[in-house]
file entry.txt (compact mmCIF, C-alpha atoms and all ligand atoms)
# COMPACT_ATOMS: atom_id res chain seq x y z
CA MET A 1 90.12 90.08 88.46
CA LEU A 2 90.76 93.59 87.12
CA GLU A 3 91.18 96.45 89.50
CA LEU A 4 91.98 100.00 88.52
CA ARG A 5 92.97 101.96 91.62
CA ASN A 6 92.96 105.75 91.89
CA ALA A 7 94.03 106.18 88.30
CA ARG A 8 95.07 109.44 86.74
CA ILE A 9 95.14 109.21 82.95
CA GLY A 10 95.54 111.88 80.32
CA TYR A 11 97.39 113.09 77.28
CA GLY A 12 100.65 114.89 78.04
CA PRO A 13 99.79 117.86 80.23
CA VAL A 14 96.04 117.24 79.93
CA THR A 15 94.52 115.15 82.71
CA VAL A 16 91.25 113.55 81.64
CA VAL A 17 90.61 111.02 84.37
CA GLU A 18 91.46 111.80 87.99
CA ASP A 19 91.47 109.33 90.88
CA LEU A 20 89.31 106.77 89.11
CA SER A 21 88.78 103.31 90.56
CA LEU A 22 86.83 100.43 89.08
CA GLN A 23 86.71 96.66 89.23
CA VAL A 24 85.68 93.79 87.02
CA GLY A 25 85.32 90.41 88.69
CA ASP A 26 86.13 87.03 87.17
CA GLY A 27 83.27 86.18 84.79
CA GLU A 28 81.54 89.47 85.45
CA ALA A 29 80.09 91.82 82.81
CA VAL A 30 80.39 95.47 83.80
CA PHE A 31 79.43 98.62 81.92
CA LEU A 32 80.92 102.07 81.87
CA ILE A 33 78.50 104.71 80.74
CA GLY A 34 78.53 108.47 80.56
CA PRO A 35 78.24 111.47 78.27
CA ASN A 36 80.59 112.21 75.38
CA GLY A 37 83.97 113.36 76.59
CA ALA A 38 83.48 111.90 80.07
CA GLY A 39 86.74 109.96 79.75
CA LYS A 40 85.43 106.47 79.00
CA SER A 41 87.79 105.74 76.09
CA THR A 42 90.67 107.29 78.00
CA THR A 43 89.96 104.96 80.93
CA LEU A 44 90.02 101.97 78.57
CA ARG A 45 93.32 103.20 77.12
CA GLY A 46 94.73 103.20 80.62
CA ILE A 47 93.58 99.63 81.15
CA SER A 48 94.83 98.31 77.81
CA GLY A 49 98.14 100.13 78.17
CA LEU A 50 97.83 102.58 75.28
CA ASN A 51 98.01 105.44 77.78
CA ARG A 52 100.12 105.16 80.89
CA LEU A 53 98.77 105.72 84.38
CA GLU A 54 100.22 108.98 85.65
CA SER A 55 99.29 107.82 89.11
CA GLY A 56 97.39 104.93 90.62
CA SER A 57 97.73 101.28 89.70
CA LEU A 58 96.25 98.47 87.69
CA ILE A 59 95.94 95.00 89.16
CA TRP A 60 95.24 92.08 86.85
CA ASP A 61 94.73 88.56 88.13
CA GLY A 62 96.56 89.36 91.34
CA ASP A 63 99.56 91.05 89.70
CA ASP A 64 100.45 94.71 89.43
CA VAL A 65 100.57 95.36 85.67
CA THR A 66 100.72 99.16 85.89
CA ARG A 67 104.05 99.30 84.05
CA LEU A 68 103.39 96.42 81.64
CA PRO A 69 103.27 97.49 77.95
CA ALA A 70 100.06 97.02 75.96
CA ASN A 71 101.22 93.93 74.03
CA ARG A 72 102.13 92.12 77.25
CA ARG A 73 98.73 92.92 78.75
CA ALA A 74 97.10 91.53 75.60
CA ALA A 75 99.18 88.38 75.91
CA ARG A 76 97.92 87.99 79.46
CA GLY A 77 94.32 88.02 78.34
CA ILE A 78 93.10 91.61 78.06
CA ALA A 79 91.58 92.20 74.61
CA VAL A 80 90.14 95.47 73.36
CA VAL A 81 87.60 96.34 70.67
CA PRO A 82 88.41 99.98 69.95
CA GLU A 83 85.84 102.71 69.41
CA GLY A 84 85.13 102.86 65.66
CA ARG A 85 86.23 99.18 65.17
CA HIS A 86 89.46 99.96 63.20
CA VAL A 87 89.50 96.74 61.22
CA PHE A 88 92.21 96.54 58.54
CA PRO A 89 90.18 97.54 55.46
CA GLN A 90 92.65 96.17 52.87
CA LEU A 91 92.86 92.75 54.51
CA SER A 92 90.25 90.03 54.21
CA VAL A 93 88.10 88.98 57.14
CA GLN A 94 90.23 85.84 57.48
CA GLU A 95 93.47 87.85 57.44
CA ASN A 96 92.14 90.28 60.04
CA LEU A 97 91.42 87.36 62.35
CA GLU A 98 94.75 85.65 61.69
CA VAL A 99 96.76 88.80 62.33
CA ALA A 100 94.98 89.31 65.64
CA ALA A 101 95.28 85.66 66.65
CA ARG A 102 99.02 85.55 65.86
CA ALA A 103 99.77 88.83 67.59
CA VAL A 104 99.30 87.16 70.95
CA ASP A 105 100.16 83.51 70.34
CA ARG A 106 101.42 81.81 67.17
CA THR A 107 99.95 78.39 67.93
CA ASP A 108 96.42 77.20 67.40
CA VAL A 109 95.49 80.04 65.02
CA ALA A 110 93.11 77.99 62.86
CA SER A 111 91.04 76.73 65.77
CA ARG A 112 90.82 80.20 67.25
CA THR A 113 89.57 81.72 64.00
CA ASP A 114 87.12 78.82 63.68
CA GLU A 115 85.71 79.64 67.11
CA VAL A 116 85.04 83.17 65.90
CA TYR A 117 83.27 81.87 62.80
CA ASP A 118 81.10 79.61 64.94
CA LEU A 119 80.11 82.61 66.99
CA PHE A 120 79.52 84.89 63.96
CA PRO A 121 78.53 82.66 60.99
CA ARG A 122 78.09 85.79 58.90
CA LEU A 123 81.86 86.32 59.09
CA ARG A 124 82.47 82.80 57.79
CA GLU A 125 80.35 83.59 54.73
CA ARG A 126 82.41 86.72 54.17
CA ARG A 127 85.82 85.35 55.08
CA GLN A 128 87.40 86.30 51.73
CA SER A 129 85.89 89.82 51.57
CA PHE A 130 87.97 92.89 52.22
CA ALA A 131 87.07 94.09 55.70
CA GLY A 132 86.61 97.60 54.30
CA LEU A 133 83.67 96.35 52.23
CA LEU A 134 81.73 94.93 55.17
CA SER A 135 78.65 96.62 56.63
CA GLY A 136 79.01 98.45 59.95
CA GLY A 137 77.48 95.53 61.82
CA GLU A 138 79.78 93.03 60.14
CA GLN A 139 82.78 95.23 60.94
CA GLN A 140 81.74 95.28 64.59
CA MET A 141 81.44 91.46 64.52
CA LEU A 142 84.93 91.34 63.00
CA ALA A 143 86.35 93.77 65.54
CA ILE A 144 84.91 91.65 68.37
CA GLY A 145 86.03 88.49 66.56
CA ARG A 146 89.58 89.82 66.33
CA ALA A 147 89.61 90.41 70.07
CA LEU A 148 88.17 86.93 70.72
CA ALA A 149 90.74 85.31 68.41
CA GLN A 150 93.21 86.17 71.17
CA ARG A 151 91.16 83.93 73.50
CA PRO A 152 91.06 86.64 76.14
CA ARG A 153 89.86 86.41 79.70
CA LEU A 154 88.62 90.00 79.63
CA LEU A 155 86.87 91.47 76.59
CA ILE A 156 86.75 95.26 76.55
CA ILE A 157 84.39 96.87 74.03
CA ASP A 158 84.36 100.61 73.39
CA GLU A 159 80.95 101.69 72.02
CA LEU A 160 79.34 98.48 70.81
CA SER A 161 76.22 100.10 69.31
CA LEU A 162 77.81 103.22 67.83
CA GLY A 163 76.53 103.86 64.30
CA LEU A 164 74.62 100.58 64.07
CA ALA A 165 70.90 99.99 63.47
CA PRO A 166 69.00 98.68 66.53
CA VAL A 167 68.32 95.26 64.99
CA ILE A 168 72.05 94.85 64.41
CA TYR A 169 73.35 96.00 67.79
CA GLN A 170 70.70 93.96 69.58
CA GLN A 171 72.03 90.88 67.79
CA VAL A 172 75.70 91.65 68.45
CA GLY A 173 74.85 92.59 72.03
CA GLU A 174 73.07 89.27 72.54
CA THR A 175 76.19 87.41 71.42
CA VAL A 176 78.27 89.39 73.93
CA ARG A 177 75.69 88.67 76.65
CA GLN A 178 75.97 84.95 75.90
CA LEU A 179 79.78 85.11 76.01
CA ALA A 180 79.55 86.79 79.40
CA ALA A 181 77.11 84.09 80.54
CA THR A 182 79.71 81.44 79.70
CA GLY A 183 82.24 83.09 82.02
CA LEU A 184 84.15 85.61 79.91
CA SER A 185 84.70 88.87 81.79
CA VAL A 186 83.39 91.90 79.89
CA LEU A 187 83.93 95.63 80.30
CA LEU A 188 81.53 97.47 78.04
CA VAL A 189 81.56 101.17 77.25
CA GLU A 190 78.20 101.99 75.77
CA GLN A 191 76.05 105.05 75.04
CA ASN A 192 72.86 103.04 75.03
CA ALA A 193 72.06 102.49 78.71
CA ARG A 194 69.29 100.03 78.01
CA LEU A 195 71.61 97.82 75.97
CA ALA A 196 74.37 98.09 78.57
CA MET A 197 71.99 97.05 81.34
CA ARG A 198 70.76 94.08 79.33
CA ILE A 199 74.28 92.74 78.78
CA CYS A 200 75.84 93.56 82.15
CA SER A 201 74.94 92.98 85.79
CA ARG A 202 76.74 95.99 87.23
CA GLY A 203 78.09 99.31 86.09
CA TYR A 204 79.66 102.70 86.59
CA LEU A 205 78.42 106.11 85.51
CA LEU A 206 81.26 108.42 84.57
CA ALA A 207 81.16 112.20 84.21
CA HIS A 208 84.08 114.61 83.82
CA GLY A 209 86.58 111.84 84.44
CA GLU A 210 85.04 110.71 87.73
CA VAL A 211 82.76 107.90 88.81
CA VAL A 212 79.55 109.62 89.90
CA LEU A 213 77.48 106.49 90.44
CA SER A 214 78.02 102.74 90.56
CA GLY A 215 76.09 99.64 91.48
CA THR A 216 74.16 96.68 90.22
CA VAL A 217 71.66 97.14 87.40
CA GLU A 218 68.84 96.81 89.94
CA GLU A 219 70.34 99.54 92.12
CA LEU A 220 71.12 101.85 89.22
CA GLU A 221 67.66 101.52 87.71
CA GLN A 222 66.28 103.21 90.83
CA THR A 223 68.38 106.35 90.36
CA ASP A 224 67.28 109.51 88.54
CA GLN A 225 70.57 109.77 86.63
CA MET A 226 70.21 106.27 85.22
CA ARG A 227 66.53 106.78 84.49
CA ASP A 228 67.40 109.84 82.39
CA LEU A 229 70.04 107.88 80.51
CA TYR A 230 67.68 104.95 80.16
CA LEU A 231 65.03 107.17 78.62
CA GLY A 232 67.72 108.68 76.40
CA GLY A 233 68.57 105.17 75.31
CA LEU A 234 64.96 104.39 74.60
CA GLY A 235 64.73 107.61 72.61
CA LYS A 236 67.61 106.46 70.47
CA VAL A 237 65.98 103.11 69.83
CA GLY A 238 62.99 105.19 68.70
N1 LIG A 301 94.57 112.18 71.91
C1 LIG A 301 94.05 113.10 72.75
N2 LIG A 301 94.77 114.20 73.08
C2 LIG A 301 94.26 115.13 73.93
N3 LIG A 301 93.03 115.06 74.49
C3 LIG A 301 92.28 114.00 74.19
C4 LIG A 301 92.73 112.96 73.30
N4 LIG A 301 91.75 112.03 73.19
C5 LIG A 301 90.73 112.47 73.97
N5 LIG A 301 91.04 113.63 74.56
C6 LIG A 301 90.19 114.41 75.48
O1 LIG A 301 89.87 113.60 76.58
C7 LIG A 301 88.54 113.86 77.00
C8 LIG A 301 87.82 112.56 77.17
O2 LIG A 301 87.79 111.88 75.94
P1 LIG A 301 87.33 110.37 75.82
O3 LIG A 301 88.05 109.56 76.83
O4 LIG A 301 87.48 109.99 74.40
O5 LIG A 301 85.79 110.46 76.25
P2 LIG A 301 84.57 109.47 75.97
O6 LIG A 301 85.12 108.20 75.45
O7 LIG A 301 83.91 109.33 77.31
O8 LIG A 301 83.69 110.16 74.99
C9 LIG A 301 87.90 114.79 75.97
O9 LIG A 301 87.88 116.09 76.50
C10 LIG A 301 88.86 114.72 74.81
O10 LIG A 301 88.93 115.94 74.14
MG MG A 302 84.84 107.21 73.67
call {"tool": "encode", "arguments": {"input": "entry.txt", "output": "structure tokens"}}
result
Amino acid sequence: MLELRNARIGYGPVTVVEDLSLQVGDGEAVFLIGPNGAGKSTTLRGISGLNRLESGSLIWDGDDVTRLPANRRAARGIAVVPEGRHVFPQLSVQENLEVAARAVDRTDVASRTDEVYDLFPRLRERRQSFAGLLSGGEQQMLAIGRALAQRPRLLIIDELSLGLAPVIYQQVGETVRQLAATGLSVLLVEQNARLAMRICSRGYLLAHGEVVLSGTVEELEQTDQMRDLYLGGLGKVG
């Protein structure tokens, strides 16, 4: 459903990602993993439209959307949870969800926020709280909830577990796994390889802006590179 072809993405004169290709199928959950600075967030920015593709193309649902601005891509069903969540701290949980829901489509806002509350009951309890006062885990739920309030077809999450305690990211990760199981497409950037492999069925390993390895979880588990990352992930879980 999503196909990034031979993409070059960077910042002004700086090229970060060179000739990168990846695909996410309809209803598929795919991870993108790799060391800090590998270009994972930059790749996501190219997909969401925050950075333009300097070369290559992006195909979405059969259409070439390479030149489509970010808001139009969002309206067509690509939703992003940015690294570091970036919820609006001075707005309530409810307002955060409403702003996100309205940004894409002004109808049906109440039922879309309700869907998010059904998925994350903790957010319903805290609906009147300032988002800035939430715990890290609650902010991640809200950031994911904001993306889901757009009723996307593809949910992109940049660093789900970052800064969260294992018990919390396991729980949030399980919710994402269930969403993927119901047919939502997911592209997950994640430092914790073990978590990524639990949520997704397939993935890409990125280093220095290039795909160095890709395959199904079963295939990747057999590789030394993935085993190292896997052990690194286990180390982090402690
Ligand atoms: N706004 C920016 N301007 C210039 N260079 C950037 C910017 N953001 C990231 N970079 C550079 O792009 C490279 C990849 O960054 P990033 O995509 O954030 O990696 P990752 O998400 O894999 O950690 C890094 O070398 C980083 O310094
Ligand atoms: Mg990043």
call {"tool": "closest_residue", "arguments": {"input": "entry.txt", "among": "A:Val93, A:Leu162, A:Ile156, A:Met197", "to": "Gln128 in chain A", "atoms": "only C-alpha atoms"}}
result
A:Val93
call {"tool": "axis_aligned_box", "arguments": {"input": "entry.txt", "around": "ligand LIG 301 (chain A)", "padding_each_side": "4 Å", "output": "JSON"}}
result
{"center_x": 89.2, "center_y": 112.1, "center_z": 74.6, "size_x": 19.1, "size_y": 15.9, "size_z": 13.4}
call {"tool": "residues_around", "arguments": {"input": "entry.txt", "residues": "Ser135 in chain A", "least_positions_apart": "5", "cutoff": "12 Å", "atoms": "all atoms listed in the file", "output": "JSON, numbers by chain"}}
result
{"A": [85, 87, 89, 122, 123, 126, 129, 130, 140, 141, 142, 163, 164, 165, 168]}
call {"tool": "residues_near_ligand", "arguments": {"input": "entry.txt", "ligand": "ligand LIG 301 (chain A)", "cutoff": "10 Å", "atoms": "all atoms listed in the file", "output": "ChimeraX atom specification"}}
result
/A:9-17,32-46,51,83,158-159,189-191,206-209
call {"tool": "closest_residue", "arguments": {"input": "entry.txt", "among": "A:Leu160, A:Ala143, A:Ile78, A:Ala29", "to": "ligand MG 302 (chain A)", "atoms": "only C-alpha atoms and all ligand atoms"}}
result
A:Leu160
call {"tool": "decode", "arguments": {"input": "entry.txt", "residues": "range 59-89 of chain A", "atoms": "N, CA, C and O atoms", "output": "mmCIF file, in the first residue's frame"}}
result
data_model
loop_
_atom_site.group_PDB
_atom_site.id
_atom_site.type_symbol
_atom_site.label_atom_id
_atom_site.label_comp_id
_atom_site.auth_asym_id
_atom_site.auth_seq_id
_atom_site.Cartn_x
_atom_site.Cartn_y
_atom_site.Cartn_z
ATOM 1 N N ILE A 59 4.733 6.056 -3.393
ATOM 2 C CA ILE A 59 3.456 5.592 -3.912
ATOM 3 C C ILE A 59 2.573 5.236 -2.717
ATOM 4 O O ILE A 59 3.015 4.540 -1.794
ATOM 5 N N TRP A 60 1.352 5.735 -2.747
ATOM 6 C CA TRP A 60 0.416 5.467 -1.663
ATOM 7 C C TRP A 60 -0.903 5.027 -2.272
ATOM 8 O O TRP A 60 -1.488 5.767 -3.061
ATOM 9 N N ASP A 61 -1.313 3.812 -1.970
ATOM 10 C CA ASP A 61 -2.593 3.313 -2.439
ATOM 11 C C ASP A 61 -2.730 3.457 -3.961
ATOM 12 O O ASP A 61 -3.774 3.874 -4.461
ATOM 13 N N GLY A 62 -1.647 3.174 -4.648
ATOM 14 C CA GLY A 62 -1.674 3.186 -6.104
ATOM 15 C C GLY A 62 -1.383 4.527 -6.756
ATOM 16 O O GLY A 62 -1.252 4.604 -7.976
ATOM 17 N N ASP A 63 -1.307 5.603 -5.951
ATOM 18 C CA ASP A 63 -1.064 6.929 -6.518
ATOM 19 C C ASP A 63 0.328 7.439 -6.165
ATOM 20 O O ASP A 63 0.829 7.172 -5.070
ATOM 21 N N ASP A 64 0.897 8.203 -7.061
ATOM 22 C CA ASP A 64 2.175 8.853 -6.781
ATOM 23 C C ASP A 64 1.903 10.114 -5.944
ATOM 24 O O ASP A 64 1.277 11.055 -6.423
ATOM 25 N N VAL A 65 2.342 10.097 -4.692
ATOM 26 C CA VAL A 65 2.076 11.236 -3.796
ATOM 27 C C VAL A 65 3.363 11.988 -3.458
ATOM 28 O O VAL A 65 3.418 12.756 -2.494
ATOM 29 N N THR A 66 4.384 11.771 -4.279
ATOM 30 C CA THR A 66 5.709 12.353 -4.021
ATOM 31 C C THR A 66 5.642 13.866 -3.801
ATOM 32 O O THR A 66 6.369 14.404 -2.977
ATOM 33 N N ARG A 67 4.780 14.536 -4.555
ATOM 34 C CA ARG A 67 4.728 16.006 -4.475
ATOM 35 C C ARG A 67 3.562 16.507 -3.610
ATOM 36 O O ARG A 67 3.324 17.699 -3.545
ATOM 37 N N LEU A 68 2.846 15.570 -2.971
ATOM 38 C CA LEU A 68 1.692 15.976 -2.169
ATOM 39 C C LEU A 68 2.181 16.541 -0.825
ATOM 40 O O LEU A 68 3.022 15.933 -0.167
ATOM 41 N N PRO A 69 1.655 17.710 -0.383
ATOM 42 C CA PRO A 69 2.075 18.257 0.909
ATOM 43 C C PRO A 69 1.604 17.387 2.076
ATOM 44 O O PRO A 69 0.687 16.579 1.936
ATOM 45 N N ALA A 70 2.241 17.587 3.232
ATOM 46 C CA ALA A 70 2.010 16.729 4.398
ATOM 47 C C ALA A 70 0.542 16.660 4.793
ATOM 48 O O ALA A 70 0.024 15.575 5.089
ATOM 49 N N ASN A 71 -0.156 17.806 4.793
ATOM 50 C CA ASN A 71 -1.560 17.788 5.253
ATOM 51 C C ASN A 71 -2.448 16.955 4.333
ATOM 52 O O ASN A 71 -3.382 16.301 4.777
ATOM 53 N N ARG A 72 -2.124 16.954 3.035
ATOM 54 C CA ARG A 72 -2.918 16.158 2.086
ATOM 55 C C ARG A 72 -2.635 14.667 2.255
ATOM 56 O O ARG A 72 -3.517 13.832 2.079
ATOM 57 N N ARG A 73 -1.389 14.352 2.602
ATOM 58 C CA ARG A 73 -1.077 12.933 2.865
ATOM 59 C C ARG A 73 -1.821 12.473 4.118
ATOM 60 O O ARG A 73 -2.343 11.362 4.166
ATOM 61 N N ALA A 74 -1.865 13.343 5.134
ATOM 62 C CA ALA A 74 -2.597 13.002 6.363
ATOM 63 C C ALA A 74 -4.067 12.767 6.036
ATOM 64 O O ALA A 74 -4.673 11.795 6.500
ATOM 65 N N ALA A 75 -4.630 13.635 5.215
ATOM 66 C CA ALA A 75 -6.042 13.507 4.859
ATOM 67 C C ALA A 75 -6.310 12.216 4.095
ATOM 68 O O ALA A 75 -7.419 11.683 4.121
ATOM 69 N N ARG A 76 -5.291 11.702 3.449
ATOM 70 C CA ARG A 76 -5.466 10.443 2.709
ATOM 71 C C ARG A 76 -5.146 9.218 3.549
ATOM 72 O O ARG A 76 -5.117 8.104 3.034
ATOM 73 N N GLY A 77 -4.863 9.427 4.843
ATOM 74 C CA GLY A 77 -4.801 8.272 5.727
ATOM 75 C C GLY A 77 -3.436 7.908 6.285
ATOM 76 O O GLY A 77 -3.266 6.844 6.866
ATOM 77 N N ILE A 78 -2.463 8.805 6.139
ATOM 78 C CA ILE A 78 -1.137 8.549 6.709
ATOM 79 C C ILE A 78 -1.004 9.398 7.977
ATOM 80 O O ILE A 78 -0.997 10.619 7.910
ATOM 81 N N ALA A 79 -0.923 8.737 9.134
ATOM 82 C CA ALA A 79 -0.842 9.466 10.405
ATOM 83 C C ALA A 79 0.480 9.145 11.095
ATOM 84 O O ALA A 79 0.936 8.006 11.081
ATOM 85 N N VAL A 80 1.055 10.177 11.706
ATOM 86 C CA VAL A 80 2.386 10.015 12.293
ATOM 87 C C VAL A 80 2.391 10.367 13.783
ATOM 88 O O VAL A 80 1.840 11.378 14.191
ATOM 89 N N VAL A 81 3.020 9.506 14.572
ATOM 90 C CA VAL A 81 3.322 9.806 15.972
ATOM 91 C C VAL A 81 4.796 10.194 16.015
ATOM 92 O O VAL A 81 5.666 9.347 15.825
ATOM 93 N N PRO A 82 5.087 11.488 16.238
ATOM 94 C CA PRO A 82 6.481 11.916 16.119
ATOM 95 C C PRO A 82 7.345 11.445 17.287
ATOM 96 O O PRO A 82 6.835 11.170 18.375
ATOM 97 N N GLU A 83 8.639 11.351 17.030
ATOM 98 C CA GLU A 83 9.584 11.031 18.093
ATOM 99 C C GLU A 83 9.479 12.089 19.187
ATOM 100 O O GLU A 83 9.452 13.284 18.912
ATOM 101 N N GLY A 84 9.343 11.664 20.443
ATOM 102 C CA GLY A 84 9.215 12.604 21.547
ATOM 103 C C GLY A 84 7.782 13.078 21.780
ATOM 104 O O GLY A 84 7.550 14.027 22.529
ATOM 105 N N ARG A 85 6.813 12.430 21.122
ATOM 106 C CA ARG A 85 5.355 12.638 21.266
ATOM 107 C C ARG A 85 4.850 14.004 20.808
ATOM 108 O O ARG A 85 3.895 14.085 20.063
ATOM 109 N N HIS A 86 5.428 15.119 21.365
ATOM 110 C CA HIS A 86 4.984 16.470 20.976
ATOM 111 C C HIS A 86 3.484 16.677 21.116
ATOM 112 O O HIS A 86 2.832 17.223 20.222
ATOM 113 N N VAL A 87 2.926 16.269 22.234
ATOM 114 C CA VAL A 87 1.536 16.644 22.527
ATOM 115 C C VAL A 87 1.517 18.134 22.865
ATOM 116 O O VAL A 87 2.550 18.727 23.173
ATOM 117 N N PHE A 88 0.339 18.768 22.759
ATOM 118 C CA PHE A 88 0.225 20.186 23.111
ATOM 119 C C PHE A 88 0.057 20.284 24.625
ATOM 120 O O PHE A 88 -1.014 19.971 25.145
ATOM 121 N N PRO A 89 1.104 20.719 25.341
ATOM 122 C CA PRO A 89 1.089 20.621 26.807
ATOM 123 C C PRO A 89 0.022 21.489 27.476
ATOM 124 O O PRO A 89 -0.500 21.129 28.526
#
